[in-house]
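Peer 1: Hey, dropping final-v8.tsv in here, TSV, C-alpha atoms and all ligand atoms:
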```tsv
chain	number	residue	atom	x	y	z
A	248	MET	CA	226.65	55.53	-105.19
A	249	LYS	CA	225.64	51.86	-105.39
A	250	GLY	CA	228.57	49.87	-103.97
A	251	GLY	CA	230.76	52.89	-104.68
A	252	MET	CA	234.19	53.65	-103.24
A	253	THR	CA	232.78	55.56	-100.31
A	254	GLU	CA	230.52	52.74	-99.14
A	255	ARG	CA	231.56	50.43	-96.33
A	256	ILE	CA	231.28	46.77	-97.30
A	257	LEU	CA	231.08	43.80	-94.95
A	258	THR	CA	231.61	40.25	-96.20
A	259	SER	CA	230.26	38.49	-93.08
A	260	SER	CA	228.77	39.30	-89.72
A	261	ALA	CA	231.16	41.18	-87.46
A	262	LEU	CA	231.36	41.68	-83.71
A	263	THR	CA	233.39	44.57	-82.38
A	264	VAL	CA	234.16	44.71	-78.67
A	265	ASP	CA	235.24	48.09	-77.35
A	266	LEU	CA	237.59	47.40	-74.44
A	267	GLY	CA	238.05	51.13	-73.85
A	268	ARG	CA	234.34	51.45	-73.15
A	269	ILE	CA	234.39	48.45	-70.80
A	270	ARG	CA	237.16	50.25	-68.91
A	271	ALA	CA	235.12	53.46	-68.94
A	272	ASN	CA	232.14	51.57	-67.49
A	273	TYR	CA	234.38	50.21	-64.72
A	274	ARG	CA	235.43	53.80	-63.95
A	275	THR	CA	231.79	54.94	-63.88
A	276	ILE	CA	231.00	52.23	-61.34
A	277	GLN	CA	234.09	53.11	-59.30
A	278	THR	CA	232.92	56.76	-59.24
A	279	GLU	CA	229.53	55.63	-57.94
A	280	LEU	CA	231.28	53.63	-55.21
A	281	GLY	CA	233.85	56.04	-53.91
A	282	SER	CA	236.50	54.02	-52.05
A	283	VAL	CA	234.73	50.63	-52.14
A	284	PRO	CA	236.42	48.39	-54.72
A	285	ALA	CA	234.56	46.71	-57.55
A	286	ALA	CA	235.28	43.09	-58.46
A	287	ALA	CA	234.38	41.95	-61.98
A	288	MET	CA	231.99	39.16	-62.89
A	289	VAL	CA	233.52	37.48	-65.91
A	290	LYS	CA	231.70	34.13	-65.86
A	291	ALA	CA	230.60	32.51	-69.13
A	292	ASN	CA	233.64	33.75	-71.05
A	293	GLY	CA	233.27	37.31	-69.79
A	294	TYR	CA	229.54	37.45	-70.59
A	295	GLY	CA	230.37	36.08	-74.04
A	296	LEU	CA	232.81	38.83	-74.94
A	297	GLY	CA	236.10	37.00	-74.31
A	298	VAL	CA	237.30	36.45	-70.77
A	299	THR	CA	240.98	37.03	-71.55
A	300	GLU	CA	240.54	40.32	-73.40
A	301	VAL	CA	237.90	41.69	-71.04
A	302	SER	CA	239.71	40.71	-67.83
A	303	SER	CA	243.08	42.03	-68.97
A	304	ALA	CA	241.46	45.38	-69.79
A	305	LEU	CA	239.79	45.49	-66.36
A	306	TRP	CA	243.04	44.55	-64.65
A	307	ASP	CA	244.72	47.49	-66.41
A	308	GLU	CA	241.92	49.67	-65.04
A	309	GLY	CA	242.76	48.57	-61.49
A	310	CYS	CA	240.37	45.66	-60.95
A	311	ARG	CA	242.00	42.98	-58.79
A	312	VAL	CA	239.16	40.60	-57.85
A	313	PHE	CA	237.36	38.42	-60.40
A	314	PHE	CA	234.54	35.90	-60.19
A	315	VAL	CA	233.82	33.04	-62.62
A	316	ALA	CA	231.31	30.21	-62.36
A	317	GLN	CA	233.44	27.15	-63.12
A	318	VAL	CA	236.88	25.85	-62.23
A	319	ALA	CA	237.73	25.59	-65.94
A	320	GLU	CA	236.84	29.25	-66.40
A	321	GLY	CA	239.08	30.09	-63.45
A	322	GLU	CA	241.97	28.12	-64.95
A	323	GLU	CA	241.62	30.00	-68.23
A	324	LEU	CA	241.57	33.33	-66.40
A	325	ARG	CA	244.59	32.39	-64.28
A	326	GLU	CA	246.65	31.96	-67.49
A	327	CYS	CA	246.30	35.63	-68.34
A	328	LEU	CA	246.15	37.14	-64.83
A	329	PRO	CA	248.81	35.51	-62.63
A	330	ASP	CA	248.24	37.88	-59.70
A	331	ALA	CA	244.45	38.31	-59.68
A	332	GLU	CA	242.20	37.09	-56.87
A	333	ILE	CA	239.92	34.63	-58.69
A	334	HIS	CA	236.75	33.19	-57.12
A	335	VAL	CA	234.75	30.23	-58.42
A	336	LEU	CA	231.01	30.64	-57.77
A	337	ASN	CA	230.10	26.96	-58.09
A	338	GLY	CA	232.44	26.32	-55.19
A	339	ALA	CA	234.52	23.34	-54.21
A	340	MET	CA	232.91	20.45	-56.05
A	341	PRO	CA	234.18	16.97	-55.06
A	342	GLY	CA	237.17	16.16	-57.24
A	343	THR	CA	238.11	19.75	-58.08
A	344	GLU	CA	240.32	20.32	-55.01
A	345	GLU	CA	243.59	19.75	-56.87
A	346	ALA	CA	242.61	22.08	-59.70
A	347	LEU	CA	241.51	24.77	-57.26
A	348	ARG	CA	244.82	24.57	-55.41
A	349	ALA	CA	246.92	24.44	-58.59
A	350	GLY	CA	245.15	27.45	-60.07
A	351	ARG	CA	245.13	29.32	-56.73
A	352	LEU	CA	241.38	29.61	-57.24
A	353	ILE	CA	239.17	30.56	-54.30
A	354	PRO	CA	235.98	28.51	-54.04
A	355	VAL	CA	232.75	30.22	-53.04
A	356	LEU	CA	231.38	27.76	-50.48
A	357	ASN	CA	227.61	27.49	-50.88
A	358	SER	CA	226.61	24.81	-48.37
A	359	LEU	CA	227.74	23.01	-45.22
A	360	ASP	CA	228.72	20.09	-47.48
A	361	GLN	CA	231.09	22.29	-49.45
A	362	ILE	CA	232.48	23.77	-46.23
A	363	ALA	CA	233.09	20.25	-44.89
A	364	GLY	CA	234.84	19.22	-48.11
A	365	TRP	CA	237.11	22.26	-48.27
A	366	THR	CA	238.03	22.19	-44.56
A	367	ALA	CA	238.90	18.49	-44.97
A	368	GLU	CA	241.16	19.51	-47.86
A	369	ALA	CA	242.72	22.18	-45.61
A	370	ARG	CA	243.50	19.56	-42.95
A	371	ARG	CA	245.47	17.57	-45.54
A	372	GLY	CA	247.91	20.49	-45.86
A	373	ASP	CA	249.58	22.69	-43.30
A	374	GLN	CA	248.25	26.01	-44.60
A	375	PRO	CA	244.80	27.53	-44.15
A	376	LEU	CA	242.91	27.48	-47.47
A	377	PRO	CA	241.25	30.59	-48.85
A	378	ALA	CA	237.48	30.55	-49.22
A	379	THR	CA	234.50	32.83	-49.67
A	380	VAL	CA	231.29	31.90	-47.88
A	381	HIS	CA	227.99	32.49	-49.66
A	382	PHE	CA	224.81	32.92	-47.59
A	383	ASP	CA	221.39	32.75	-49.18
A	384	THR	CA	219.23	35.68	-48.05
A	385	GLY	CA	216.04	34.84	-49.90
A	386	MET	CA	216.83	33.81	-53.46
A	387	SER	CA	216.82	30.06	-52.72
A	388	ARG	CA	219.37	29.28	-55.39
A	389	LEU	CA	222.96	29.09	-54.15
A	390	GLY	CA	224.35	29.81	-50.72
A	391	LEU	CA	223.85	28.50	-47.18
A	392	ALA	CA	220.15	28.14	-46.43
A	393	GLN	CA	218.74	29.70	-43.28
A	394	ASP	CA	219.05	26.52	-41.20
A	395	GLU	CA	222.63	25.98	-42.41
A	396	THR	CA	223.49	29.57	-41.52
A	397	ALA	CA	222.09	29.01	-38.01
A	398	THR	CA	224.16	25.83	-37.65
A	399	LEU	CA	227.32	27.56	-38.77
A	400	GLN	CA	226.66	30.50	-36.46
A	401	THR	CA	226.45	28.29	-33.37
A	402	ASN	CA	229.40	26.17	-34.50
A	403	GLN	CA	231.89	28.50	-36.18
A	404	ALA	CA	234.60	25.88	-35.66
A	405	LEU	CA	233.18	24.33	-38.83
A	406	LEU	CA	235.21	27.01	-40.61
A	407	ASP	CA	238.48	26.02	-38.93
A	408	GLY	CA	241.30	25.72	-41.41
A	409	LEU	CA	239.81	28.30	-43.76
A	410	ASP	CA	241.06	31.78	-44.49
A	411	VAL	CA	237.70	33.49	-45.10
A	412	ARG	CA	238.23	36.19	-47.73
A	413	HIS	CA	234.66	37.36	-48.22
A	414	VAL	CA	231.21	36.66	-46.89
A	415	MET	CA	228.67	37.29	-49.62
A	416	SER	CA	225.06	37.06	-50.68
A	417	HIS	CA	223.23	37.80	-53.93
A	418	LEU	CA	220.22	40.01	-54.65
A	419	ALA	CA	217.26	38.50	-56.53
A	420	SER	CA	215.36	41.67	-57.46
A	421	ALA	CA	217.90	44.49	-57.48
A	422	ASP	CA	216.65	45.56	-60.92
A	423	VAL	CA	213.09	46.06	-59.64
A	424	ALA	CA	212.45	49.62	-58.44
A	425	GLY	CA	211.56	49.81	-54.75
A	426	SER	CA	211.68	46.04	-54.31
A	427	ALA	CA	210.76	44.97	-50.77
A	428	GLN	CA	212.80	41.83	-51.38
A	429	SER	CA	216.02	43.86	-51.78
A	430	ALA	CA	215.39	45.68	-48.49
A	431	GLN	CA	214.68	42.38	-46.75
A	432	GLN	CA	217.82	40.76	-48.20
A	433	LEU	CA	219.87	43.78	-47.09
A	434	ALA	CA	218.57	43.42	-43.52
A	435	SER	CA	219.28	39.67	-43.50
A	436	PHE	CA	222.78	40.20	-44.84
A	437	GLN	CA	223.55	42.89	-42.26
A	438	GLU	CA	222.59	40.40	-39.55
A	439	ILE	CA	224.74	37.67	-41.14
A	440	ARG	CA	227.64	40.07	-41.36
A	441	ARG	CA	227.43	40.78	-37.62
A	442	ALA	CA	227.64	37.04	-36.96
A	443	PHE	CA	230.48	36.46	-39.45
A	444	PRO	CA	232.86	39.43	-39.27
A	445	ALA	CA	235.84	37.74	-40.97
A	446	GLY	CA	237.01	38.91	-44.39
A	447	SER	CA	235.13	41.53	-46.37
A	448	ALA	CA	231.41	41.62	-47.10
A	449	SER	CA	229.83	41.68	-50.56
A	450	LEU	CA	226.17	41.87	-51.60
A	451	ALA	CA	225.62	44.01	-54.70
A	452	ASN	CA	225.56	43.01	-58.36
A	453	SER	CA	225.31	45.75	-61.04
A	454	ALA	CA	221.80	46.84	-60.12
A	455	GLY	CA	222.53	46.53	-56.39
A	456	ILE	CA	225.29	49.14	-56.68
A	457	PHE	CA	222.73	51.73	-57.76
A	458	LEU	CA	220.41	50.99	-54.82
A	459	GLY	CA	222.64	53.14	-52.63
A	460	THR	CA	225.67	52.99	-50.35
A	461	ALA	CA	223.96	50.70	-47.80
A	462	TYR	CA	224.28	47.95	-50.40
A	463	HIS	CA	227.98	48.47	-51.10
A	464	PHE	CA	229.62	46.93	-47.99
A	465	ASP	CA	233.33	46.23	-48.73
A	466	LEU	CA	233.21	44.86	-52.29
A	467	VAL	CA	230.68	44.89	-55.14
A	468	ARG	CA	230.33	42.40	-58.00
A	469	PRO	CA	229.11	44.03	-61.22
A	470	GLY	CA	228.72	42.00	-64.40
A	471	ILE	CA	226.25	43.25	-66.98
A	472	ALA	CA	226.82	46.96	-66.28
A	473	LEU	CA	230.48	46.60	-67.28
A	474	PHE	CA	229.27	45.40	-70.66
A	475	GLY	CA	226.66	48.11	-71.22
A	476	GLY	CA	223.47	46.78	-69.65
A	477	THR	CA	221.60	49.26	-67.52
A	478	PRO	CA	222.00	48.86	-63.76
A	479	ARG	CA	219.13	51.30	-63.09
A	480	SER	CA	215.49	50.40	-62.81
A	481	ASP	CA	214.25	53.83	-64.02
A	482	GLY	CA	215.18	53.11	-67.64
A	483	SER	CA	218.12	55.52	-67.80
A	484	ASN	CA	221.52	54.02	-68.51
A	485	PRO	CA	224.77	55.58	-67.30
A	486	MET	CA	226.82	52.82	-68.98
A	487	LEU	CA	228.30	52.90	-72.49
A	488	GLN	CA	227.42	50.28	-75.10
A	489	THR	CA	230.47	48.05	-75.47
A	490	ILE	CA	229.72	45.94	-78.53
A	491	THR	CA	228.68	46.49	-82.11
A	492	LEU	CA	227.13	43.58	-83.99
A	493	GLU	CA	226.79	44.13	-87.71
A	494	ALA	CA	225.79	41.93	-90.63
A	495	PRO	CA	225.91	42.54	-94.39
A	496	ILE	CA	223.04	42.69	-96.83
A	497	VAL	CA	223.35	39.64	-99.09
A	498	GLN	CA	220.25	40.17	-101.21
A	499	VAL	CA	217.51	42.73	-101.86
A	500	ARG	CA	214.23	41.95	-103.64
A	501	ASN	CA	211.06	43.72	-104.64
A	502	VAL	CA	207.92	42.14	-103.23
A	503	GLN	CA	204.25	42.57	-104.07
A	504	GLN	CA	201.44	43.31	-101.67
A	505	GLY	CA	200.25	39.98	-100.22
A	506	GLU	CA	203.56	38.12	-100.65
A	507	VAL	CA	204.70	36.17	-97.60
A	508	ILE	CA	208.17	36.22	-96.07
A	509	GLY	CA	210.33	33.45	-94.56
A	510	TYR	CA	209.72	30.18	-92.72
A	511	GLY	CA	206.15	29.52	-91.77
A	512	ALA	CA	204.99	32.49	-93.85
A	513	THR	CA	204.53	34.45	-90.63
A	514	HIS	CA	204.71	37.85	-92.33
A	515	THR	CA	202.52	39.10	-95.19
A	516	MET	CA	203.44	42.29	-97.05
A	517	GLU	CA	200.68	44.84	-96.57
A	518	ARG	CA	201.97	46.99	-99.41
A	519	PRO	CA	204.38	46.49	-102.30
A	520	GLY	CA	207.94	47.10	-101.16
A	521	ARG	CA	211.44	45.77	-100.69
A	522	VAL	CA	212.96	43.08	-98.51
A	523	ALA	CA	216.66	42.89	-97.61
A	524	THR	CA	218.18	39.66	-96.37
A	525	ILE	CA	221.17	39.96	-94.02
A	526	ALA	CA	223.74	37.29	-93.15
A	527	VAL	CA	223.21	36.63	-89.46
A	528	GLY	CA	220.83	34.32	-87.62
A	529	TYR	CA	220.19	32.33	-84.48
A	530	ALA	CA	223.26	30.17	-85.15
A	531	ASP	CA	225.20	33.37	-84.45
A	532	GLY	CA	223.34	33.73	-81.18
A	533	PHE	CA	220.93	36.36	-82.40
A	534	LEU	CA	217.74	35.46	-80.56
A	535	ARG	CA	215.10	33.67	-82.67
A	536	SER	CA	212.48	35.25	-80.43
A	537	ALA	CA	213.26	38.55	-82.20
A	538	SER	CA	211.28	37.12	-85.14
A	539	GLY	CA	208.78	39.72	-86.30
A	540	ALA	CA	209.61	41.87	-83.27
A	541	GLY	CA	213.13	43.25	-83.43
A	542	THR	CA	214.46	46.32	-85.20
A	543	VAL	CA	217.88	47.06	-86.67
A	544	TRP	CA	219.71	50.21	-87.78
A	545	LEU	CA	220.36	50.73	-91.48
A	546	ALA	CA	221.58	53.89	-93.19
A	547	GLY	CA	220.32	56.27	-90.54
A	548	SER	CA	216.98	54.77	-89.56
A	549	MET	CA	215.44	51.88	-87.65
A	550	VAL	CA	214.14	49.07	-89.82
A	551	PRO	CA	211.88	46.20	-88.71
A	552	ILE	CA	212.79	42.52	-88.74
A	553	ILE	CA	209.98	40.74	-90.59
A	554	GLY	CA	209.28	37.00	-90.63
A	555	ARG	CA	211.25	34.43	-88.70
A	556	VAL	CA	214.89	34.79	-87.70
A	557	SER	CA	216.43	31.73	-89.38
A	558	MET	CA	219.70	29.93	-88.72
A	559	ASP	CA	221.92	32.14	-90.85
A	560	LEU	CA	219.63	34.84	-92.18
A	561	ILE	CA	217.23	37.61	-91.16
A	562	THR	CA	214.79	39.47	-93.41
A	563	LEU	CA	214.10	43.20	-93.10
A	564	ASP	CA	211.41	45.45	-94.51
A	565	VAL	CA	213.53	48.09	-96.24
A	566	THR	CA	210.75	49.67	-98.31
A	567	ASP	CA	211.45	53.08	-96.78
A	568	VAL	CA	215.25	52.94	-97.15
A	569	PRO	CA	216.73	54.77	-100.17
A	570	THR	CA	217.75	52.13	-102.77
A	571	GLY	CA	221.26	53.60	-102.98
A	572	GLU	CA	221.84	52.35	-99.44
A	573	LEU	CA	220.76	48.79	-100.23
A	574	TYR	CA	223.93	47.50	-101.86
A	575	LEU	CA	225.58	44.11	-101.57
A	576	GLY	CA	227.62	44.06	-98.36
A	577	ALA	CA	225.98	47.11	-96.82
A	578	PRO	CA	226.49	46.94	-93.02
A	579	VAL	CA	223.38	46.67	-90.84
A	580	GLU	CA	223.68	47.27	-87.08
A	581	LEU	CA	221.83	44.72	-84.93
A	582	ILE	CA	223.40	45.72	-81.60
A	583	GLY	CA	225.30	48.93	-80.85
A	584	ASP	CA	224.86	52.60	-80.09
A	585	HIS	CA	221.61	52.76	-82.08
A	586	CYS	CA	220.41	49.37	-80.84
A	587	PRO	CA	221.34	49.13	-77.13
A	588	ILE	CA	221.55	45.60	-75.76
A	589	ASP	CA	218.73	46.16	-73.27
A	590	ASP	CA	216.34	47.25	-76.04
A	591	VAL	CA	217.33	44.44	-78.42
A	592	ALA	CA	216.90	41.89	-75.65
A	593	ALA	CA	213.57	43.32	-74.47
A	594	ARG	CA	212.11	43.17	-77.98
A	595	ALA	CA	213.04	39.50	-78.06
A	596	GLY	CA	211.50	38.87	-74.62
A	597	SER	CA	214.89	38.38	-73.01
A	598	ILE	CA	217.56	40.22	-71.03
A	599	ALA	CA	220.92	41.69	-72.05
A	600	ASN	CA	222.78	38.94	-70.16
A	601	GLU	CA	221.27	36.18	-72.31
A	602	LEU	CA	221.77	38.13	-75.51
A	603	LEU	CA	225.48	38.69	-74.80
A	604	THR	CA	226.29	35.18	-73.61
A	605	ASP	CA	224.57	33.66	-76.67
A	606	LEU	CA	226.80	35.47	-79.17
A	607	GLY	CA	228.63	32.58	-80.76
A	608	ARG	CA	232.11	32.18	-82.13
A	609	ARG	CA	231.15	32.60	-85.78
A	610	TYR	CA	231.76	36.33	-86.02
A	611	GLN	CA	234.79	38.16	-87.25
A	612	ARG	CA	235.72	39.43	-83.79
A	613	THR	CA	237.60	42.66	-83.43
A	614	TYR	CA	238.77	44.23	-80.18
A	615	VAL	CA	239.32	47.97	-80.09
A	701	LIG	C1	226.28	36.94	-62.16
A	701	LIG	C2	226.44	37.37	-60.77
A	701	LIG	C3	226.67	38.71	-60.45
A	701	LIG	C4	226.65	39.82	-61.47
A	701	LIG	O1	225.33	40.12	-61.81
A	701	LIG	P1	224.98	41.33	-62.83
A	701	LIG	O2	223.52	41.50	-62.69
A	701	LIG	O3	225.38	40.85	-64.19
A	701	LIG	O4	225.77	42.49	-62.39
A	701	LIG	C5	226.94	39.03	-59.12
A	701	LIG	N1	226.93	38.07	-58.16
A	701	LIG	C6	226.67	36.77	-58.42
A	701	LIG	C7	226.65	35.78	-57.33
A	701	LIG	C8	226.40	36.38	-59.75
A	701	LIG	O5	226.13	35.10	-59.99
```
What does the file become when written as structure tokens?
Peer 2:
Amino acid sequence: MKGGMTERILTSSALTVDLGRIRANYRTIQTELGSVPAAAMVKANGYGLGVTEVSSALWDEGCRVFFVAQVAEGEELRECLPDAEIHVLNGAMPGTEEALRAGRLIPVLNSLDQIAGWTAEARRGDQPLPATVHFDTGMSRLGLAQDETATLQTNQALLDGLDVRHVMSHLASADVAGSAQSAQQLASFQEIRRAFPAGSASLANSAGIFLGTAYHFDLVRPGIALFGGTPRSDGSNPMLQTITLEAPIVQVRNVQQGEVIGYGATHTMERPGRVATIAVGYADGFLRSASGAGTVWLAGSMVPIIGRVSMDLITLDVTDVPTGELYLGAPVELIGDHCPIDDVAARAGSIANELLTDLGRRYQRTYV
């Protein structure tokens, strides 16, 4: 069987993105929501998976509202979706006004300074300018702080010249079961909504959607759930895995008890056995913190990563894998149906979002 006709052979690491499953995840979220529409968070190149491919697939599924972080990301998205409503989370930064107008990008205004800048821009034209207003409800990151919200509430003329599309806020602990912070943010946002009734209201990210209908308002903003990360805090995952990351075996060796493996000799063989080296590493965005901690899927079983993850290579203890499976080019799954992104990330002390957005451009990328 070794390297035989029936064996699948990879020549380099390969990333497969299943656009059909991303669409299916969008439908699952839409089912959870009923009639409330779901926007799509496609910042950071669509969570690393390719903003053009991912967004076009979601558009075909009926998604009409998209959020990115940067103006440049918005410009790239505009090229492929001429009719989408595109929001820029970083807002109207000084000097980006022209680009925002030209790309018909809607800034998310995060402070009174940004509101002042964008209303000044509106006064230069004869049309109201679209904007979304972001209120901080306890995360202390982006959005109008409490004192700014109070100022805006007593002086709503500060918004003159703007066509307010959405008022929004963002949950800090939606992924924590029974979080008191989520309940408190919900109460704050309900109060803000009463004071600012223009446009539609949006609070929930992926995990927020699964906190219940009170969190849905008029629009939700899932990101990671579309790409297969769990939006539930109970460990179950209603979403499908959307990527498969595979790498080929490039070498297999026999090792004696007591031999050490890889940089820094961090792993010592406790028994004689076999080590397989696969062609993928942290330069491909596979987290170095998976060193000595991660597991991969090879020929029907889980196999441990031993030693350090290096730039281009990872070493596996394959002592228990039948030798017929350990051929040159044999595909090893690092992320996929057997290695869900949440598990892979957790073993590396990270989260699915970081894992996905780190995946570099070195893979053979295939979209199915
Ligand atoms: C990234 C982001 C989201 C999406 O978060 P997920 O947890 O990936 O669903 C929603 N809203 C804002 C403001 C964000 O920055």
Peer 1: So, counting all atoms listed in the file, which residue among A:Asp559, A:Pro495, A:Pro587, A:Val565 is closest to A:Ile256?
Peer 2: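 Going through A:Asp559, A:Pro495, A:Pro587, A:Val565 one by one, the smallest distance to A:Ile256 is for A:Pro495.
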Peer 1: What is the atom C5 of ligand LIG 701 (chain A) to atom CA of A:His334 distance in Å?
Peer 2: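 That distance, rounded to one decimal, is 11.6 Å.
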Peer 1: If the limit is 9 Å from any atom of ligand LIG 701 (chain A), counting only C-alpha atoms and all ligand atoms, which residues qualify? Return them as a PyMOL selection string.
Peer 2: chain A and resi 287-290+294+314-316+336+381+389+415-418+421-422+449-456+467-474+476+478+600
Peer 1: With all atoms listed in the file as the counted atoms, please give the residues lying no more than 12 Å from stretch 429-444 of chain A, apart from itself and same-chain residues fewer than 4 positions off, as a PyMOL selection string.
Peer 2: chain A and resi 379-387+391-393+395-404+406+411-425+448-452+454-465
Peer 1: Just to confirm, what's the straight-line distance from atom CA of A:Ser538 to atom CA of A:Ser557 in Å (one decimal)?
Peer 2: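 A separation of 8.6 Å between them.
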Peer 1: Measure the distance from atom CA of A:Ala363 to atom CA of A:Pro341 in Å and round it to one decimal.
Peer 2: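 Atom CA of A:Ala363 sits 10.7 Å away from atom CA of A:Pro341.
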Peer 1: Measuring between all atoms listed in the file, which one of A:Leu606, A:Val298, A:Val591, A:Leu575 shows the shortest distance to A:Ala261?
Peer 2: A:Leu606
Peer 1: Near A:Val502, counting only C-alpha atoms, which residues have an atom at most 6 Å away, once you skip same-chain residues fewer than 3 positions from it, shown as a PyMOL selection string?
Peer 2: chain A and resi 519-521
Peer 1: Determine the nearest neighbour of A:Ala286 from the options A:Ser426, A:Gln317, A:Asn337, A:Ser302, counting only C-alpha atoms.
Peer 2: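 Closest to A:Ala286, using only C-alpha atoms: A:Ser302.
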Peer 1: Which residue gives the smallest distance to A:Leu573 among A:Arg609, A:Arg274, A:Arg500, A:His514, with all atoms listed in the file counted?
Peer 2: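 Smallest distance to A:Leu573 is found for A:Arg500.
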Peer 1: With 4 Å of padding per side, what axis-aligned box (centre and edge lengths, Å, one decimal) covers all the listed atoms of stretch 412-429 of chain A? Give it as JSON.
Peer 2:
```
{"center_x": 224.5, "center_y": 43.0, "center_z": -53.9, "size_x": 35.5, "size_y": 21.6, "size_z": 22.0}
```
Peer 1: Could you check which of A:Ala331, A:Ile588, A:Ala512, A:Ala577 is closest to A:Ser303, using all atoms listed in the file?
Peer 2: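 The closest residue to A:Ser303 is A:Ala331.
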Peer 1: Nearest residue to A:Val550 out of A:Ala271, A:Val568, A:Ala285, A:Met340, using all atoms listed in the file?
Peer 2: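 Of all the options, A:Val568 lies closest to A:Val550.
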Peer 1: Give me the residues near A:Val499 as a list of chain:residue names, where near means some atom within 7 Å (using all atoms listed in the file) and where sequence neighbours in that chain fewer than 2 positions away do not count.
Peer 2: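 Residues meeting the cut-off are A:Arg521, A:Val522, A:Ala523, A:Thr524.
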Peer 1: Could you save the residues just selected, with C-alpha atoms, as an mmCIF file, keeping the file's coordinate frame?
Peer 2:
```
data_model
loop_
_atom_site.group_PDB
_atom_site.id
_atom_site.type_symbol
_atom_site.label_atom_id
_atom_site.label_comp_id
_atom_site.auth_asym_id
_atom_site.auth_seq_id
_atom_site.Cartn_x
_atom_site.Cartn_y
_atom_site.Cartn_z
ATOM 1 C CA ARG A 521 211.440 45.770 -100.690
ATOM 2 C CA VAL A 522 212.960 43.080 -98.510
ATOM 3 C CA ALA A 523 216.660 42.890 -97.610
ATOM 4 C CA THR A 524 218.180 39.660 -96.370
#
```
Peer 1: Where atoms are absent from stretch 309-325 of chain A, fill them in so it carries N, CA and C atoms, then output it as a PDB file, keeping the file's coordinate frame.
Peer 2:
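And here is the file that came out, out_8.pdb:
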```pdb
ATOM      1  N   GLY A 309     242.613  48.626 -62.942  1.00  0.00           N
ATOM      2  CA  GLY A 309     242.760  48.570 -61.490  1.00  0.00           C
ATOM      3  C   GLY A 309     241.941  47.505 -60.799  1.00  0.00           C
ATOM      4  N   CYS A 310     241.168  46.733 -61.552  1.00  0.00           N
ATOM      5  CA  CYS A 310     240.370  45.660 -60.950  1.00  0.00           C
ATOM      6  C   CYS A 310     241.290  44.515 -60.524  1.00  0.00           C
ATOM      7  N   ARG A 311     241.116  44.026 -59.294  1.00  0.00           N
ATOM      8  CA  ARG A 311     242.000  42.980 -58.790  1.00  0.00           C
ATOM      9  C   ARG A 311     241.264  41.695 -58.400  1.00  0.00           C
ATOM     10  N   VAL A 312     239.941  41.761 -58.295  1.00  0.00           N
ATOM     11  CA  VAL A 312     239.160  40.600 -57.850  1.00  0.00           C
ATOM     12  C   VAL A 312     238.192  40.203 -58.957  1.00  0.00           C
ATOM     13  N   PHE A 313     238.187  38.915 -59.297  1.00  0.00           N
ATOM     14  CA  PHE A 313     237.360  38.420 -60.400  1.00  0.00           C
ATOM     15  C   PHE A 313     236.563  37.208 -59.942  1.00  0.00           C
ATOM     16  N   PHE A 314     235.372  37.062 -60.480  1.00  0.00           N
ATOM     17  CA  PHE A 314     234.540  35.900 -60.190  1.00  0.00           C
ATOM     18  C   PHE A 314     234.185  35.192 -61.505  1.00  0.00           C
ATOM     19  N   VAL A 315     234.297  33.861 -61.504  1.00  0.00           N
ATOM     20  CA  VAL A 315     233.820  33.040 -62.620  1.00  0.00           C
ATOM     21  C   VAL A 315     232.890  31.987 -62.028  1.00  0.00           C
ATOM     22  N   ALA A 316     232.218  31.222 -62.874  1.00  0.00           N
ATOM     23  CA  ALA A 316     231.310  30.210 -62.360  1.00  0.00           C
ATOM     24  C   ALA A 316     232.009  28.865 -62.167  1.00  0.00           C
ATOM     25  N   GLN A 317     232.873  28.502 -63.106  1.00  0.00           N
ATOM     26  CA  GLN A 317     233.440  27.150 -63.120  1.00  0.00           C
ATOM     27  C   GLN A 317     234.940  27.161 -62.877  1.00  0.00           C
ATOM     28  N   VAL A 318     235.432  26.011 -62.413  1.00  0.00           N
ATOM     29  CA  VAL A 318     236.880  25.850 -62.230  1.00  0.00           C
ATOM     30  C   VAL A 318     237.601  26.050 -63.563  1.00  0.00           C
ATOM     31  N   ALA A 319     237.062  25.464 -64.633  1.00  0.00           N
ATOM     32  CA  ALA A 319     237.730  25.590 -65.940  1.00  0.00           C
ATOM     33  C   ALA A 319     237.820  27.055 -66.374  1.00  0.00           C
ATOM     34  N   GLU A 320     236.780  27.823 -66.069  1.00  0.00           N
ATOM     35  CA  GLU A 320     236.840  29.250 -66.400  1.00  0.00           C
ATOM     36  C   GLU A 320     237.919  29.943 -65.575  1.00  0.00           C
ATOM     37  N   GLY A 321     238.048  29.522 -64.323  1.00  0.00           N
ATOM     38  CA  GLY A 321     239.080  30.090 -63.450  1.00  0.00           C
ATOM     39  C   GLY A 321     240.478  29.765 -63.953  1.00  0.00           C
ATOM     40  N   GLU A 322     240.650  28.522 -64.433  1.00  0.00           N
ATOM     41  CA  GLU A 322     241.970  28.120 -64.950  1.00  0.00           C
ATOM     42  C   GLU A 322     242.350  28.957 -66.163  1.00  0.00           C
ATOM     43  N   GLU A 323     241.353  29.197 -67.036  1.00  0.00           N
ATOM     44  CA  GLU A 323     241.620  30.000 -68.230  1.00  0.00           C
ATOM     45  C   GLU A 323     241.996  31.436 -67.836  1.00  0.00           C
ATOM     46  N   LEU A 324     241.290  31.968 -66.849  1.00  0.00           N
ATOM     47  CA  LEU A 324     241.570  33.330 -66.400  1.00  0.00           C
ATOM     48  C   LEU A 324     242.944  33.425 -65.739  1.00  0.00           C
ATOM     49  N   ARG A 325     243.302  32.385 -64.969  1.00  0.00           N
ATOM     50  CA  ARG A 325     244.590  32.390 -64.280  1.00  0.00           C
ATOM     51  C   ARG A 325     245.759  32.522 -65.272  1.00  0.00           C
TER      52      ARG A 325
END
```
